[in-house]
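Just below is one structure, and these are the notes that go with it.
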Amino acid sequence: MSPKRNKLIFWIITLLTPFLILALLEMSFRLGGYNVESQKLFVDFPVNDHYLVANPNFVSRYFSTFEPQIALQPFKKEKTDSTFRIFVLGGSSAQGFPFNFYYSFATQLEQKLILNTQDAHIEVINLGMTAVNSFVIRDISYRLQEYEPDAIIIYAGHNEYYGSFGVASTQNNVVNSVRTKRLILWLKNFVLYQFIEDLISDDNDSDDAQRTFMARVIGESIIKYDSKMFDAGVSQFKENIEDIIREFQENNIPVFIGTVASNLKDQSPLSDSEEAIQLYESATLSLQNEKVEEAKVYYEKAKDRDEMRFRAPEKINETIKMLSKKDGIYLIDIKRILSELSESGIADNSLFIDHLHPTEIGHYFMADAYFNEIHNIGLMDEFYNENSFDTPFSISNFENAYSTTPILRLKTGYPFIRSLTVNQELALFEDGYRSILNKSFADSMGAESWRYNNVVAFDLKKVINHSKHLDDSMAVATHYYELLHWLSFNDDLLTEAVDYLLNNSKMDTYVVNMISKGLNNGMKDPYLMNMLAATYIINDEIEKAGYWLRKSEKINPNSKNLLYNFSRFHILRGDTNNAHIYYKRFLEQHSNQQKH
């Protein structure tokens, strides 16, 4: 062998050795099971191993000092021809913060789709998380193709500055380079890198750990309009969302992207920017003089000149509108919709619970907007069947307190109040917290459930039992509706709820929604099908009643409930002959049961 060739081999081995060592270390960590629970975006749903659910251990990789919550929305491992599957991507507004996941627009959209389709299995999987921005959304989006989505929804843009990997964030912000941040996200797929991260992580036991997450994520608080850092936030959003859109376009998957909305009228600038404050005052004066459109322009400019960038600037929305012109991309102008539906005609406290998070009614309107666009482009034509029933329009006392408590803590801290020590913040929060505890049993349970991170399902069951004792059927209905989202495969609980609420016409909306969701989850109980049909009959939804009666008949053709409901169904259709046949069979069954 020639010296030249020996030298070449030597250098090849020298250059490859570090990579071989790293590969061996990676393999060793994987074989040893290090961090094994954090490697998959979706894992088996413990209650039903035919379903998958988002893995909270996986998504913790996107934060250095924070464990994000993610919605408990299981979906089928094996997608069938009748399955219509949507993934929702975004930040805390998409997640539904500060509400539990079932009041997010994603879950409300799922419920609307369930009600207005037939012979379909509906899945809307919400992957929204607090403080994630376009980098995280891009990373997640590349993992979704194998799960065969029928559509993607994106509602994002507020977190490009202070969210994880944001240009002015304390979370994963090493250097403001799109390529570098994407490289870091790629490296997080390797167990060896995860080990190194765990090794050097610094648990924060200082006073900062007691501050709100908003206070902890700010690396550089002041970002001037049109500054280099301001432009970097808009630019990274554009690059990442373009990549996401391209990924789904190539696979012919439609993307529904919403403009981002925020509270304009009832949220003054969070920074001390004189320009922003003057614009906000001009807006208020214009509104007092009933010049709504002029006020709207001033409020928007005040938000854009607010140098604390917790609310997305309008350049983000301009980017969204520009990107939505691509094939297969559909714009939902959430900003315009929530502004027009707000009480003042300008985005305000009537639809926003704080500076940018929608109220439960705001989420209802957002769900409506996404639903209408999905329907308008004919994406659901194969399954569409209109329903006179809608999703419930109100939340329980428990949920109201559960969502009010974190907002109370948020607003007693930075940046809403910037002059207090941690102890002063906590003392101010305590005063408000005690007032919530004193309202009612349901309120106190909701507030405590959030504060002490209780198991929400356990607390809801306690509230249901208390409400039954008070004979408060509306409270029972709203809390059952919420509990069944946590225990979505519990047939006995659903039957218990339906039995309590039947024969009360004011509860029909809850009965229809709860049973419809249970049946969508795969329940095959003919009793529930009969009760749904009976409710539809009472409300003149005759064809829907017939659909569920025929489904029930295939399972148990001699059910007394079925025979009675079928006789009513045929009478309402004017078919007295079949009505008589089914009623005669009903009487025979009734007689046989009495004999035994």
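By order of appearance in the structure tokens: chains A, B, ..., then residues from 1 within every chain, and ligands from 1 in the order shown.
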Legend entry - Residues near range 232-239 of chain A, cut-off 8 Å, only C-alpha atoms, skip fewer than 4 positions along chain, as a PyMOL selection string: chain A and resi 133-135+157+160-161+166-167+176+178+228+243+315-316+319
Selection to disk with N, CA, C and O atoms, as a short mmCIF file (atom, residue, chain, number, x, y, z; two decimals), in the first residue's frame:
data_model
loop_
_atom_site.label_atom_id
_atom_site.label_comp_id
_atom_site.auth_asym_id
_atom_site.auth_seq_id
_atom_site.Cartn_x
_atom_site.Cartn_y
_atom_site.Cartn_z
N ASN A 133 -43.61 29.56 19.22
CA ASN A 133 -43.73 30.40 18.03
C ASN A 133 -43.48 29.57 16.77
O ASN A 133 -43.54 28.34 16.81
N SER A 134 -43.16 30.24 15.68
CA SER A 134 -43.09 29.57 14.38
C SER A 134 -41.99 28.52 14.30
O SER A 134 -42.10 27.57 13.51
N PHE A 135 -40.92 28.63 15.10
CA PHE A 135 -39.87 27.61 15.09
C PHE A 135 -40.42 26.27 15.59
O PHE A 135 -40.19 25.22 14.98
N GLY A 157 -48.49 33.82 15.93
CA GLY A 157 -47.83 35.07 15.55
C GLY A 157 -47.49 35.98 16.72
O GLY A 157 -46.69 36.89 16.60
N GLU A 160 -43.33 35.58 18.57
CA GLU A 160 -42.07 35.64 17.82
C GLU A 160 -40.97 36.38 18.57
O GLU A 160 -39.79 36.23 18.25
N TYR A 161 -41.33 37.16 19.58
CA TYR A 161 -40.33 37.94 20.31
C TYR A 161 -39.96 37.31 21.65
O TYR A 161 -38.78 37.17 21.97
N GLY A 166 -37.69 32.80 20.58
CA GLY A 166 -38.00 34.16 20.15
C GLY A 166 -36.76 35.03 20.11
O GLY A 166 -35.74 34.74 20.75
N VAL A 167 -36.84 36.15 19.38
CA VAL A 167 -35.66 36.99 19.18
C VAL A 167 -35.25 37.73 20.46
O VAL A 167 -34.12 38.23 20.55
N ASN A 176 -29.57 35.04 17.37
CA ASN A 176 -30.69 35.31 16.47
C ASN A 176 -30.34 34.96 15.03
O ASN A 176 -30.09 35.81 14.19
N VAL A 178 -31.85 32.17 12.12
CA VAL A 178 -32.85 31.15 11.80
C VAL A 178 -32.21 29.79 11.62
O VAL A 178 -32.69 28.78 12.15
N LYS A 228 -33.95 46.54 14.25
CA LYS A 228 -33.37 45.30 13.72
C LYS A 228 -34.02 44.09 14.37
O LYS A 228 -34.34 43.10 13.71
N ASP A 243 -42.12 27.67 5.12
CA ASP A 243 -41.68 26.28 5.12
C ASP A 243 -42.83 25.33 5.46
O ASP A 243 -42.99 24.27 4.85
N LYS A 315 -47.46 43.84 11.05
CA LYS A 315 -46.64 43.26 9.99
C LYS A 315 -46.73 41.73 9.99
O LYS A 315 -46.52 41.08 8.96
N ILE A 316 -47.03 41.15 11.14
CA ILE A 316 -47.27 39.70 11.20
C ILE A 316 -48.54 39.37 10.42
O ILE A 316 -48.57 38.42 9.63
N THR A 319 -48.01 39.61 6.78
CA THR A 319 -47.31 38.41 6.31
C THR A 319 -48.27 37.25 6.14
O THR A 319 -48.22 36.52 5.13
#
Legend entry - DSSP alpha helix (DSSP H) residues within range 536-583 of chain A, as a PyMOL selection string: chain A and resi 536-538+542-555+560-572+576-583
Legend entry - Polymer residues at most 10 Å from range 397-406 of chain A, only C-alpha atoms, same-chain spacing of 6 or more positions, as a VMD selection string: chain A and resid 96 to 100 103 212 353 359 to 360 412 429 432 to 433 436 to 437 439 to 451 456 459 to 460 463 475 478 to 479 482
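Taking only C-alpha atoms into account, Ser177 in chain A lies nearest to A:Met229 out of the set A:Glu541, A:Met229, A:Glu110, A:Asp266.
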Inset, instruction - Extract, using only C-alpha atoms, all DNA, RNA and protein residues at most 12 Å from Met322 in chain A, discarding same-chain residues fewer than 3 positions from it, and format them as a ChimeraX atom specification. - result: /A:238,241-242,257-259,315-319,325-327,329-331
I need the residues from that last selection saved to file as a PDB file, in the first residue's frame (with N, CA, C and O atoms), if you can.
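Generated file (part.pdb):
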ATOM      1  N   LYS A 238     -42.062  34.735   8.886  1.00  0.00           N
ATOM      2  CA  LYS A 238     -42.294  34.531   7.449  1.00  0.00           C
ATOM      3  C   LYS A 238     -41.552  33.287   6.943  1.00  0.00           C
ATOM      4  O   LYS A 238     -42.138  32.452   6.252  1.00  0.00           O
ATOM      5  N   ILE A 241     -43.178  29.976   8.558  1.00  0.00           N
ATOM      6  CA  ILE A 241     -44.529  29.673   8.075  1.00  0.00           C
ATOM      7  C   ILE A 241     -44.491  29.303   6.594  1.00  0.00           C
ATOM      8  O   ILE A 241     -45.239  28.424   6.146  1.00  0.00           O
ATOM      9  N   GLU A 242     -43.630  29.946   5.817  1.00  0.00           N
ATOM     10  CA  GLU A 242     -43.463  29.570   4.411  1.00  0.00           C
ATOM     11  C   GLU A 242     -43.050  28.109   4.294  1.00  0.00           C
ATOM     12  O   GLU A 242     -43.562  27.370   3.444  1.00  0.00           O
ATOM     13  N   ILE A 257     -55.259  29.368   7.781  1.00  0.00           N
ATOM     14  CA  ILE A 257     -54.427  30.211   8.637  1.00  0.00           C
ATOM     15  C   ILE A 257     -55.194  31.472   9.023  1.00  0.00           C
ATOM     16  O   ILE A 257     -55.809  32.126   8.177  1.00  0.00           O
ATOM     17  N   GLY A 258     -55.178  31.781  10.309  1.00  0.00           N
ATOM     18  CA  GLY A 258     -55.921  32.929  10.807  1.00  0.00           C
ATOM     19  C   GLY A 258     -55.028  34.116  11.091  1.00  0.00           C
ATOM     20  O   GLY A 258     -53.894  33.968  11.557  1.00  0.00           O
ATOM     21  N   THR A 259     -55.539  35.316  10.796  1.00  0.00           N
ATOM     22  CA  THR A 259     -54.865  36.510  11.297  1.00  0.00           C
ATOM     23  C   THR A 259     -54.975  36.505  12.811  1.00  0.00           C
ATOM     24  O   THR A 259     -55.921  35.950  13.368  1.00  0.00           O
ATOM     25  N   LYS A 315     -47.457  43.836  11.053  1.00  0.00           N
ATOM     26  CA  LYS A 315     -46.639  43.262   9.987  1.00  0.00           C
ATOM     27  C   LYS A 315     -46.730  41.727   9.994  1.00  0.00           C
ATOM     28  O   LYS A 315     -46.522  41.084   8.960  1.00  0.00           O
ATOM     29  N   ILE A 316     -47.028  41.152  11.136  1.00  0.00           N
ATOM     30  CA  ILE A 316     -47.271  39.704  11.200  1.00  0.00           C
ATOM     31  C   ILE A 316     -48.539  39.365  10.425  1.00  0.00           C
ATOM     32  O   ILE A 316     -48.570  38.423   9.626  1.00  0.00           O
ATOM     33  N   ASN A 317     -49.601  40.143  10.640  1.00  0.00           N
ATOM     34  CA  ASN A 317     -50.850  39.896   9.913  1.00  0.00           C
ATOM     35  C   ASN A 317     -50.696  40.164   8.421  1.00  0.00           C
ATOM     36  O   ASN A 317     -51.293  39.465   7.586  1.00  0.00           O
ATOM     37  N   GLU A 318     -49.901  41.148   8.071  1.00  0.00           N
ATOM     38  CA  GLU A 318     -49.641  41.403   6.651  1.00  0.00           C
ATOM     39  C   GLU A 318     -48.923  40.205   6.025  1.00  0.00           C
ATOM     40  O   GLU A 318     -49.207  39.817   4.885  1.00  0.00           O
ATOM     41  N   THR A 319     -48.009  39.612   6.785  1.00  0.00           N
ATOM     42  CA  THR A 319     -47.305  38.413   6.312  1.00  0.00           C
ATOM     43  C   THR A 319     -48.274  37.254   6.136  1.00  0.00           C
ATOM     44  O   THR A 319     -48.219  36.521   5.134  1.00  0.00           O
ATOM     45  N   LYS A 325     -52.195  33.719   0.022  1.00  0.00           N
ATOM     46  CA  LYS A 325     -52.515  33.799  -1.408  1.00  0.00           C
ATOM     47  C   LYS A 325     -51.989  32.588  -2.176  1.00  0.00           C
ATOM     48  O   LYS A 325     -52.278  32.415  -3.355  1.00  0.00           O
ATOM     49  N   LYS A 326     -51.224  31.750  -1.502  1.00  0.00           N
ATOM     50  CA  LYS A 326     -50.684  30.558  -2.154  1.00  0.00           C
ATOM     51  C   LYS A 326     -51.782  29.511  -2.331  1.00  0.00           C
ATOM     52  O   LYS A 326     -52.771  29.494  -1.592  1.00  0.00           O
ATOM     53  N   ASP A 327     -51.603  28.626  -3.290  1.00  0.00           N
ATOM     54  CA  ASP A 327     -52.591  27.576  -3.570  1.00  0.00           C
ATOM     55  C   ASP A 327     -52.775  26.667  -2.358  1.00  0.00           C
ATOM     56  O   ASP A 327     -51.810  26.248  -1.720  1.00  0.00           O
ATOM     57  N   ILE A 329     -54.099  27.386   0.457  1.00  0.00           N
ATOM     58  CA  ILE A 329     -54.021  28.093   1.734  1.00  0.00           C
ATOM     59  C   ILE A 329     -55.243  28.995   1.854  1.00  0.00           C
ATOM     60  O   ILE A 329     -55.566  29.751   0.932  1.00  0.00           O
ATOM     61  N   TYR A 330     -55.919  28.942   3.002  1.00  0.00           N
ATOM     62  CA  TYR A 330     -57.173  29.671   3.168  1.00  0.00           C
ATOM     63  C   TYR A 330     -57.065  30.613   4.363  1.00  0.00           C
ATOM     64  O   TYR A 330     -56.698  30.199   5.464  1.00  0.00           O
ATOM     65  N   LEU A 331     -57.386  31.883   4.109  1.00  0.00           N
ATOM     66  CA  LEU A 331     -57.288  32.916   5.142  1.00  0.00           C
ATOM     67  C   LEU A 331     -58.593  33.019   5.917  1.00  0.00           C
ATOM     68  O   LEU A 331     -59.670  33.127   5.329  1.00  0.00           O
TER      69      LEU A 331
END
Pick out the residues sitting within 12 Å of Ser339 in chain A, and hand them over as a compact mmCIF listing (two decimals) with N, CA and C atoms, in the first residue's frame; count only C-alpha atoms, and ignore anything fewer than 2 positions along from it in its own chain.
# COMPACT_ATOMS: atom_id res chain seq x y z
N THR A 259 -55.54 35.32 10.80
CA THR A 259 -54.86 36.51 11.30
C THR A 259 -54.98 36.50 12.81
N VAL A 260 -54.00 37.10 13.49
CA VAL A 260 -54.01 37.08 14.96
C VAL A 260 -54.63 38.35 15.51
N ALA A 261 -55.44 38.16 16.54
CA ALA A 261 -56.17 39.27 17.15
C ALA A 261 -55.62 39.54 18.54
N SER A 262 -55.83 40.76 19.00
CA SER A 262 -55.45 41.11 20.38
C SER A 262 -56.38 42.22 20.88
N ASN A 263 -56.38 42.40 22.17
CA ASN A 263 -57.22 43.40 22.82
C ASN A 263 -56.65 44.79 22.52
N LEU A 264 -57.38 45.61 21.81
CA LEU A 264 -56.92 46.95 21.45
C LEU A 264 -57.49 48.02 22.38
N LYS A 265 -58.80 48.00 22.53
CA LYS A 265 -59.46 49.07 23.28
C LYS A 265 -59.15 49.04 24.77
N VAL A 292 -65.57 55.62 15.55
CA VAL A 292 -65.10 54.26 15.80
C VAL A 292 -63.96 53.87 14.87
N GLU A 293 -64.10 54.13 13.59
CA GLU A 293 -63.06 53.73 12.64
C GLU A 293 -61.75 54.47 12.89
N LYS A 296 -60.16 52.98 15.93
CA LYS A 296 -59.57 51.68 15.63
C LYS A 296 -58.16 51.82 15.05
N TYR A 299 -55.83 52.89 17.91
CA TYR A 299 -55.57 51.78 18.84
C TYR A 299 -54.57 50.79 18.22
N GLU A 300 -54.74 50.54 16.94
CA GLU A 300 -53.83 49.61 16.27
C GLU A 300 -52.41 50.16 16.22
N ASP A 333 -59.94 35.62 8.65
CA ASP A 333 -59.55 36.91 9.22
C ASP A 333 -60.09 37.05 10.65
N ILE A 334 -59.47 36.31 11.56
CA ILE A 334 -59.91 36.29 12.96
C ILE A 334 -59.85 37.69 13.58
N LYS A 335 -58.81 38.43 13.23
CA LYS A 335 -58.67 39.80 13.77
C LYS A 335 -59.91 40.64 13.44
N ARG A 336 -60.34 40.61 12.18
CA ARG A 336 -61.51 41.39 11.77
C ARG A 336 -62.78 40.86 12.43
N ILE A 337 -62.93 39.55 12.48
CA ILE A 337 -64.14 38.94 13.04
C ILE A 337 -64.32 39.30 14.51
N LEU A 341 -67.28 41.72 16.19
CA LEU A 341 -68.22 41.12 17.14
C LEU A 341 -68.04 41.62 18.56
N SER A 342 -66.98 42.39 18.82
CA SER A 342 -66.80 42.99 20.15
C SER A 342 -67.86 44.05 20.39
N GLU A 343 -68.20 44.28 21.63
CA GLU A 343 -69.28 45.19 21.97
C GLU A 343 -69.07 46.60 21.43
N SER A 344 -67.82 47.08 21.44
CA SER A 344 -67.53 48.44 20.99
C SER A 344 -67.27 48.53 19.49
N GLY A 345 -67.22 47.38 18.81
CA GLY A 345 -66.83 47.38 17.41
C GLY A 345 -65.33 47.42 17.22
N ILE A 346 -64.61 47.41 18.34
CA ILE A 346 -63.14 47.35 18.37
C ILE A 346 -62.78 46.25 19.36
N ALA A 347 -61.76 45.46 19.06
CA ALA A 347 -61.38 44.35 19.95
C ALA A 347 -61.26 44.84 21.39
N ASP A 348 -62.08 44.26 22.29
CA ASP A 348 -62.14 44.76 23.66
C ASP A 348 -62.38 43.63 24.66
N ASN A 349 -62.63 44.00 25.91
CA ASN A 349 -62.78 43.02 26.99
C ASN A 349 -63.99 42.10 26.82
N SER A 350 -64.91 42.44 25.93
CA SER A 350 -66.07 41.57 25.76
C SER A 350 -65.68 40.23 25.13
N LEU A 351 -64.57 40.20 24.38
CA LEU A 351 -64.12 38.96 23.74
C LEU A 351 -62.68 38.59 24.06
N PHE A 352 -62.02 39.40 24.92
CA PHE A 352 -60.65 39.09 25.32
C PHE A 352 -60.57 39.11 26.84
N PRO A 358 -58.50 35.16 23.81
CA PRO A 358 -59.95 35.29 23.69
C PRO A 358 -60.69 34.68 24.89
N GLY A 362 -65.19 34.31 22.60
CA GLY A 362 -64.26 34.59 21.51
C GLY A 362 -63.85 33.31 20.80
N PHE A 365 -66.65 32.07 18.54
CA PHE A 365 -66.71 32.77 17.27
C PHE A 365 -65.57 32.33 16.33
N MET A 366 -64.40 32.07 16.91
CA MET A 366 -63.28 31.58 16.11
C MET A 366 -63.60 30.20 15.52
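Per DSSP on the backbone, strand (DSSP E) in range 218-366 of chain A comprises Val255, Phe256, Ile257, Gly258, Ile329, Tyr330, Leu331 and Ile332 of chain A.
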Legend entry - Selection: 10 Å around Phe248 in chain A, only C-alpha atoms, excl. self and same-chain fewer than 6 positions, as a PyMOL selection string: chain A and resi 141-142+144-145+149+151-152+254-255+328-329
